[in-house]
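Worksheet: one structure, shown below.
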Amino acid sequence: MAKEVEIDMNLIDSVISNYGGNPESLLMILQDISDIYNYVPPEVIPVLVKRLGIRESLIYSVATFYKTISLEPRGKYIVQVCTGTACHVRGAGKVLQAIEEKLEVREGQTTRDSLFTLEAVRCVGCCASGPVITVNKETYGGLDRSSVVRVIDEYRKAAS
């Protein structure tokens, strides 16, 4: 159950202004908005169309191409499990399954309390440390079922 997020349109205007309203900065603008809200809220799309002078379809095509940008509300903590070859052969599937069980969600879903979103990604570039997860921008490697559950527990504890 996603919590209602109040969108600060002055903040959105500020993000757009930081790039001089340049339509070539669309990706960076979307990323900045996503960094603020953990997704790009739908009410922001018409503002981008007007301020950048671009088509809505371009915004959607850019937003859906990049994994770091979401058009759906995501949790406070984005948990990404590397499923690339090196992590896969070292047990990434078991790590992913342990997180799914702990959070009671499937890959691609957000917990009912909007605290965690679970995603599988192809590679995070830490192949020697696999299996690896990232939580927001923090990386954890050499994980197994029990150690990944401890990582999740620490984030849940920090949020309460």
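Labels used: A, B, ... for chains in the order of the structure tokens, numbers from 1 for residues in each chain, and numbers from 1 for ligands as shown.
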
Worksheet entry | Val5 in chain A environment, 10 Å, only C-alpha atoms, sequence neighbours closer than 3 positions dropped, as an NGL selection string | :A and (2 or 8 or 37 or 41 or 73)

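Secondary structure of chain A, strand (DSSP E) only (DSSP, backbone atoms): Tyr77, Ile78, Val79, Gln80, Val81, Cys82, Phe116, Thr117, Leu118, Glu119, Ala120, Val121, Ile133, Thr134, Val135, Glu138, Thr139 and Tyr140 of chain A.
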
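The two atoms in question, CA of Arg150 in chain A and CA of Asp35 in chain A, are spaced 25.6 Å apart.
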
Discussion item. Using only C-alpha atoms, which protein or nucleic acid residues come within 9 Å of Ala92 in chain A? Drop anything in the same chain fewer than 6 positions from it, and give the result as a PyMOL selection string.
Written reply: chain A and resi 81-84+86+130-133+143-144

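Nearest to Met28 in chain A of all the residues A:Tyr66, A:Arg90, A:Leu96, A:Asp113 is A:Tyr66, counting only C-alpha atoms.
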
Discussion item. Restricting the calculation to only C-alpha atoms: of A:Ser14, A:Asn22, A:Ser129, A:Ser34, which residue gets closest to Gly91 in chain A?
Written reply: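 Closest candidate: A:Ser129.
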
Item to complete: Excluding Phe116 in chain A and residues on its chain fewer than 4 positions from it, collect all residues at most 7 Å away from it, counting only C-alpha atoms, and give them as a list in words.
Response: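 The filter keeps Gly75, Lys76, Tyr77, Ile78, Val79, Thr110 and Thr111 of chain A.
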
Worksheet item: Could you work out how far CA of Cys126 in chain A lies from CA of Thr139 in chain A, giving the answer in Å with one decimal?
Response: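 Distance between the two atoms: 8.8 Å.
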
Discussion item. Could you pull out the helix (DSSP H, G or I) residues of range 60-142 of chain A, going by DSSP on the backbone, and write them as JSON, numbers by chain?
Written reply: {"A": [60, 61, 62, 63, 64, 65, 85, 86, 87, 88, 89, 92, 93, 94, 95, 96, 97, 98, 99, 100, 101, 102, 103, 127, 128, 129]}

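Our summary of the geometry notes that CA of Pro42 in chain A is positioned 11.8 Å from CA of Leu30 in chain A.
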
Discussion item. Using only C-alpha atoms, which protein or nucleic acid residues come within 12 Å of Thr68 in chain A? Drop anything in the same chain fewer than 4 positions from it, and give the result as a PyMOL selection string.
Written reply: chain A and resi 27-28+30-35+38-40+62-64+72+74+78-80+119-121+136-137

Worksheet item: Residues at most 8 Å from range 97-101 of chain A, counting only C-alpha atoms, excluding those fewer than 5 positions away in the same chain, as a VMD selection string?
Response: chain A and resid 106 to 107 118 145 to 146 148 to 149 152

Using only C-alpha atoms, which protein or nucleic acid residues come within 8 Å of Ile29 in chain A? Drop anything in the same chain fewer than 3 positions from it, and give the result as an mmCIF file with C-alpha atoms, in the first residue's frame.
```cif
data_model
loop_
_atom_site.group_PDB
_atom_site.id
_atom_site.type_symbol
_atom_site.label_atom_id
_atom_site.label_comp_id
_atom_site.auth_asym_id
_atom_site.auth_seq_id
_atom_site.Cartn_x
_atom_site.Cartn_y
_atom_site.Cartn_z
ATOM 1 C CA VAL A 15 15.359 21.055 -10.684
ATOM 2 C CA ILE A 16 14.310 22.062 -14.196
ATOM 3 C CA TYR A 19 19.464 22.669 -16.196
ATOM 4 C CA SER A 25 18.893 17.543 -19.994
ATOM 5 C CA LEU A 26 15.737 15.411 -19.733
ATOM 6 C CA ASP A 32 17.143 14.253 -10.026
ATOM 7 C CA ILE A 33 13.372 14.018 -9.563
#
```
